Amino acid sequence: MSLEKVTLALSRLESHIENHTISNPKVSKSGIAWHVDHSLKVINNVCIALQKSDPSTFKNNFSFLGKLFFTLGFFPRGKAKAPKYVTPPEVVLKEDLISQLQEAKTNMNSIADLDKNAYFKHPLFGHVNKKRIYTFLVLHTTHHLKIIEDIMKK
């Protein structure tokens with residue numbers, strides 16, 4: 001995966017900001033605003049964690065589940081719960097989505113200059129380093145884009 005694919009996923013997220021008030025409880029208990037906000041929080045928090053990480057402490061402990069989902073190319077629905085720091089607030093404002101989107105675009109461009117062992121610690125997958133980061137971000141964002149698109153089908 002590449003920066004281009006993450007940028008494309010970000011553009012798709014951006015196109016749904018105008019639909020932020022739409023929800024469909026038959027598809028997801030959370031509306032479009034929640035999925036866009038969560039996806040942007042993940043991108044931004046992952047980028048910040050990579051920037052702050054100490055590459056000398058990277059452990060190649062990528063889990064079996066991580067390898068499985070990365071190989072399959074998707075994350076199953078309804079199996080994981082978002083950690084608090086990437087959980088959207090009760091009310092998600094359109095302005096907040098727009099500012100997080102701008103931050104995500106800036107943060108994404110910072111990854112290329114990082115050490116190959118810059119990493120973030122995923123609760124299920126273990127350490128995810130720069131080599132795997134684009135794949136993770138594309139899979140995660142695409143997972144939520146599919147839910148958003150199903151919500152839009154109403």
# chains A, B, ... in the order shown; residues from 1 in each chain; ligands from 1
>>> residues_around(residues="range 10-16 of chain A", least_positions_apart="2", cutoff="10 Å", atoms="only C-alpha atoms", output="MDAnalysis selection string")
chainID A and resid 4:8 18:22 32:33 35:37 39:40 43 97:98 101:102 104:105 108 137:138 141:142 144:145 148:149 152
>>> write_last_selection(atoms="N, CA and C atoms", output="compact mmCIF listing (two decimals), in the first residue's frame")
# COMPACT_ATOMS: atom_id res chain seq x y z
N GLU A 4 -0.50 7.22 -1.68
CA GLU A 4 -1.55 7.55 -2.65
C GLU A 4 -2.87 6.88 -2.29
N LYS A 5 -2.81 5.62 -1.84
CA LYS A 5 -4.04 4.90 -1.48
C LYS A 5 -4.67 5.48 -0.22
N VAL A 6 -3.83 5.91 0.73
CA VAL A 6 -4.37 6.55 1.94
C VAL A 6 -4.98 7.89 1.56
N THR A 7 -4.33 8.62 0.68
CA THR A 7 -4.84 9.92 0.23
C THR A 7 -6.19 9.75 -0.47
N LEU A 8 -6.32 8.70 -1.25
CA LEU A 8 -7.59 8.41 -1.93
C LEU A 8 -8.67 8.11 -0.89
N GLU A 18 -20.30 16.07 3.98
CA GLU A 18 -21.58 16.72 3.71
C GLU A 18 -22.77 15.86 4.17
N ASN A 19 -22.57 14.55 4.31
CA ASN A 19 -23.63 13.63 4.74
C ASN A 19 -23.55 13.32 6.24
N HIS A 20 -22.82 14.15 6.97
CA HIS A 20 -22.51 13.82 8.37
C HIS A 20 -23.73 13.64 9.27
N THR A 21 -24.87 14.17 8.91
CA THR A 21 -26.06 14.06 9.77
C THR A 21 -26.85 12.77 9.52
N ILE A 22 -26.47 12.01 8.52
CA ILE A 22 -27.24 10.81 8.15
C ILE A 22 -26.85 9.62 9.02
N ILE A 32 -22.96 8.59 10.18
CA ILE A 32 -21.82 8.90 9.31
C ILE A 32 -20.81 9.79 10.02
N ALA A 33 -21.29 10.80 10.76
CA ALA A 33 -20.37 11.70 11.46
C ALA A 33 -19.43 10.91 12.38
N HIS A 35 -18.41 7.74 12.12
CA HIS A 35 -17.44 6.96 11.34
C HIS A 35 -16.36 7.84 10.71
N VAL A 36 -16.74 9.01 10.21
CA VAL A 36 -15.76 9.92 9.63
C VAL A 36 -14.83 10.43 10.75
N ASP A 37 -15.42 10.87 11.86
CA ASP A 37 -14.64 11.40 12.97
C ASP A 37 -13.66 10.34 13.51
N SER A 39 -12.46 7.68 12.00
CA SER A 39 -11.42 7.38 11.01
C SER A 39 -10.34 8.46 11.01
N LEU A 40 -10.75 9.72 11.10
CA LEU A 40 -9.79 10.82 11.12
C LEU A 40 -8.99 10.82 12.42
N ILE A 43 -6.30 8.14 12.04
CA ILE A 43 -5.21 8.59 11.17
C ILE A 43 -4.31 9.57 11.93
N LEU A 97 -14.91 18.01 11.83
CA LEU A 97 -14.52 17.03 10.79
C LEU A 97 -13.58 17.69 9.78
N ILE A 98 -13.93 18.91 9.38
CA ILE A 98 -13.12 19.63 8.39
C ILE A 98 -11.72 19.91 8.95
N LEU A 101 -9.73 16.73 9.15
CA LEU A 101 -9.34 16.31 7.81
C LEU A 101 -8.07 17.05 7.37
N GLN A 102 -8.03 18.36 7.60
CA GLN A 102 -6.84 19.14 7.23
C GLN A 102 -5.62 18.64 8.00
N ALA A 104 -5.19 15.63 9.18
CA ALA A 104 -4.84 14.30 8.65
C ALA A 104 -4.01 14.42 7.38
N LYS A 105 -4.39 15.35 6.51
CA LYS A 105 -3.63 15.54 5.26
C LYS A 105 -2.19 15.96 5.57
N MET A 108 -0.30 12.94 7.27
CA MET A 108 0.04 11.86 6.34
C MET A 108 1.36 12.15 5.61
N LEU A 137 -3.76 1.89 7.65
CA LEU A 137 -4.64 3.05 7.50
C LEU A 137 -5.63 2.87 6.36
N VAL A 138 -5.21 2.25 5.26
CA VAL A 138 -6.13 1.99 4.15
C VAL A 138 -7.19 0.98 4.57
N THR A 141 -9.58 2.66 7.26
CA THR A 141 -10.43 3.69 6.68
C THR A 141 -11.45 3.08 5.72
N THR A 142 -11.01 2.12 4.91
CA THR A 142 -11.92 1.44 3.97
C THR A 142 -13.02 0.70 4.72
N HIS A 144 -14.42 1.57 7.48
CA HIS A 144 -15.45 2.55 7.87
C HIS A 144 -16.14 3.17 6.66
N LEU A 145 -15.43 3.31 5.55
CA LEU A 145 -16.07 3.81 4.32
C LEU A 145 -17.15 2.84 3.84
N ILE A 148 -20.12 3.46 5.98
CA ILE A 148 -20.73 4.74 5.56
C ILE A 148 -21.55 4.53 4.28
N GLU A 149 -20.99 3.82 3.33
CA GLU A 149 -21.70 3.59 2.06
C GLU A 149 -22.94 2.76 2.27
N MET A 152 -25.59 5.00 3.66
CA MET A 152 -26.12 5.87 2.59
C MET A 152 -27.15 5.14 1.71
>>> select_by_dssp(residues="chain A", states="helix (DSSP H, G or I)", output="PyMOL selection string")
chain A and resi 3-15+17-19+32-52+55-57+64-72+84-86+94-108+111-113+130-153
>>> write_last_selection(atoms="C-alpha atoms", output="mmCIF file, in the first residue's frame")
data_model
loop_
_atom_site.group_PDB
_atom_site.id
_atom_site.type_symbol
_atom_site.label_atom_id
_atom_site.label_comp_id
_atom_site.auth_asym_id
_atom_site.auth_seq_id
_atom_site.Cartn_x
_atom_site.Cartn_y
_atom_site.Cartn_z
ATOM 1 C CA LEU A 3 0.512 7.146 0.535
ATOM 2 C CA GLU A 4 -1.555 7.546 -2.647
ATOM 3 C CA LYS A 5 -4.044 4.903 -1.480
ATOM 4 C CA VAL A 6 -4.367 6.546 1.944
ATOM 5 C CA THR A 7 -4.840 9.920 0.231
ATOM 6 C CA LEU A 8 -7.587 8.412 -1.928
ATOM 7 C CA ALA A 9 -9.296 6.977 1.171
ATOM 8 C CA LEU A 10 -9.034 10.425 2.818
ATOM 9 C CA SER A 11 -10.684 12.002 -0.237
ATOM 10 C CA ARG A 12 -13.515 9.486 0.000
ATOM 11 C CA LEU A 13 -13.942 10.354 3.700
ATOM 12 C CA GLU A 14 -13.964 14.038 2.802
ATOM 13 C CA SER A 15 -16.762 13.473 0.282
ATOM 14 C CA ILE A 17 -18.578 15.117 5.417
ATOM 15 C CA GLU A 18 -21.584 16.723 3.715
ATOM 16 C CA ASN A 19 -23.629 13.629 4.739
ATOM 17 C CA ILE A 32 -21.822 8.897 9.310
ATOM 18 C CA ALA A 33 -20.370 11.702 11.464
ATOM 19 C CA TRP A 34 -19.133 9.114 14.001
ATOM 20 C CA HIS A 35 -17.438 6.957 11.336
ATOM 21 C CA VAL A 36 -15.755 9.923 9.632
ATOM 22 C CA ASP A 37 -14.637 11.400 12.974
ATOM 23 C CA HIS A 38 -13.317 8.056 14.235
ATOM 24 C CA SER A 39 -11.415 7.382 11.007
ATOM 25 C CA LEU A 40 -9.791 10.821 11.124
ATOM 26 C CA LYS A 41 -8.929 10.421 14.821
ATOM 27 C CA VAL A 42 -7.235 7.096 14.038
ATOM 28 C CA ILE A 43 -5.205 8.592 11.175
ATOM 29 C CA ASN A 44 -4.136 11.581 13.265
ATOM 30 C CA ASN A 45 -3.354 9.589 16.414
ATOM 31 C CA VAL A 46 -1.393 6.964 14.468
ATOM 32 C CA CYS A 47 0.672 9.659 12.723
ATOM 33 C CA ILE A 48 1.382 11.430 16.021
ATOM 34 C CA ALA A 49 2.327 8.125 17.699
ATOM 35 C CA LEU A 50 4.712 7.333 14.819
ATOM 36 C CA GLN A 51 6.325 10.772 15.140
ATOM 37 C CA LYS A 52 6.753 10.394 18.912
ATOM 38 C CA PRO A 55 12.449 3.432 16.710
ATOM 39 C CA SER A 56 15.040 1.698 18.922
ATOM 40 C CA THR A 57 12.195 0.294 21.071
ATOM 41 C CA PHE A 64 -1.300 -13.452 14.050
ATOM 42 C CA LEU A 65 -4.595 -11.503 13.868
ATOM 43 C CA GLY A 66 -2.800 -8.568 12.274
ATOM 44 C CA LYS A 67 -1.157 -10.834 9.699
ATOM 45 C CA LEU A 68 -4.492 -12.532 9.005
ATOM 46 C CA PHE A 69 -6.478 -9.319 8.482
ATOM 47 C CA PHE A 70 -3.703 -7.680 6.444
ATOM 48 C CA THR A 71 -3.555 -10.789 4.224
ATOM 49 C CA LEU A 72 -7.358 -10.927 3.855
ATOM 50 C CA LYS A 84 -11.437 5.908 24.161
ATOM 51 C CA TYR A 85 -8.821 8.189 22.578
ATOM 52 C CA VAL A 86 -10.244 7.578 19.094
ATOM 53 C CA LYS A 94 -19.029 19.475 10.691
ATOM 54 C CA GLU A 95 -16.356 22.108 11.473
ATOM 55 C CA ASP A 96 -14.486 19.564 13.635
ATOM 56 C CA LEU A 97 -14.515 17.035 10.795
ATOM 57 C CA ILE A 98 -13.116 19.628 8.392
ATOM 58 C CA SER A 99 -10.305 20.657 10.765
ATOM 59 C CA GLN A 100 -9.420 17.016 11.540
ATOM 60 C CA LEU A 101 -9.336 16.310 7.813
ATOM 61 C CA GLN A 102 -6.843 19.143 7.234
ATOM 62 C CA GLU A 103 -4.731 17.835 10.126
ATOM 63 C CA ALA A 104 -4.837 14.302 8.653
ATOM 64 C CA LYS A 105 -3.631 15.541 5.262
ATOM 65 C CA THR A 106 -0.698 17.307 6.927
ATOM 66 C CA ASN A 107 0.085 14.359 9.203
ATOM 67 C CA MET A 108 0.038 11.859 6.335
ATOM 68 C CA ILE A 111 5.229 9.647 7.491
ATOM 69 C CA ALA A 112 7.643 9.414 4.549
ATOM 70 C CA ASP A 113 10.431 11.163 6.475
ATOM 71 C CA LYS A 130 6.213 2.369 8.971
ATOM 72 C CA LYS A 131 6.332 -0.546 6.508
ATOM 73 C CA ARG A 132 2.815 -1.619 7.535
ATOM 74 C CA ILE A 133 1.307 1.758 8.343
ATOM 75 C CA TYR A 134 -0.165 2.590 4.938
ATOM 76 C CA THR A 135 -1.801 -0.838 4.755
ATOM 77 C CA PHE A 136 -3.265 -0.421 8.237
ATOM 78 C CA LEU A 137 -4.637 3.051 7.501
ATOM 79 C CA VAL A 138 -6.130 1.993 4.146
ATOM 80 C CA LEU A 139 -7.743 -1.151 5.636
ATOM 81 C CA HIS A 140 -9.115 0.715 8.658
ATOM 82 C CA THR A 141 -10.434 3.691 6.680
ATOM 83 C CA THR A 142 -11.917 1.445 3.973
ATOM 84 C CA HIS A 143 -13.652 -0.610 6.699
ATOM 85 C CA HIS A 144 -15.446 2.547 7.874
ATOM 86 C CA LEU A 145 -16.069 3.811 4.325
ATOM 87 C CA LYS A 146 -17.921 0.560 3.557
ATOM 88 C CA ILE A 147 -20.117 1.103 6.617
ATOM 89 C CA ILE A 148 -20.733 4.736 5.559
ATOM 90 C CA GLU A 149 -21.697 3.591 2.061
ATOM 91 C CA ASP A 150 -24.100 1.004 3.511
ATOM 92 C CA ILE A 151 -25.652 3.724 5.727
ATOM 93 C CA MET A 152 -26.124 5.868 2.587
ATOM 94 C CA LYS A 153 -28.018 3.066 0.784
#
>>> atom_distance(atom1="CA of Gly78 in chain A", atom2="CA of Val27 in chain A")
10.7 Å
>>> atom_distance(atom1="CA of Asn129 in chain A", atom2="CA of Lys59 in chain A")
9.1 Å
>>> select_by_dssp(residues="range 9-140 of chain A", states="strand (DSSP E or B)", output="number ranges by chain")
A: 119-122, 126-129
>>> closest_residue(among="A:Val91, A:Pro25, A:Tyr119, A:Leu124", to="Phe75 in chain A", atoms="only C-alpha atoms")
A:Leu124
>>> atom_distance(atom1="CA of Asp54 in chain A", atom2="CA of Ala118 in chain A")
6.6 Å
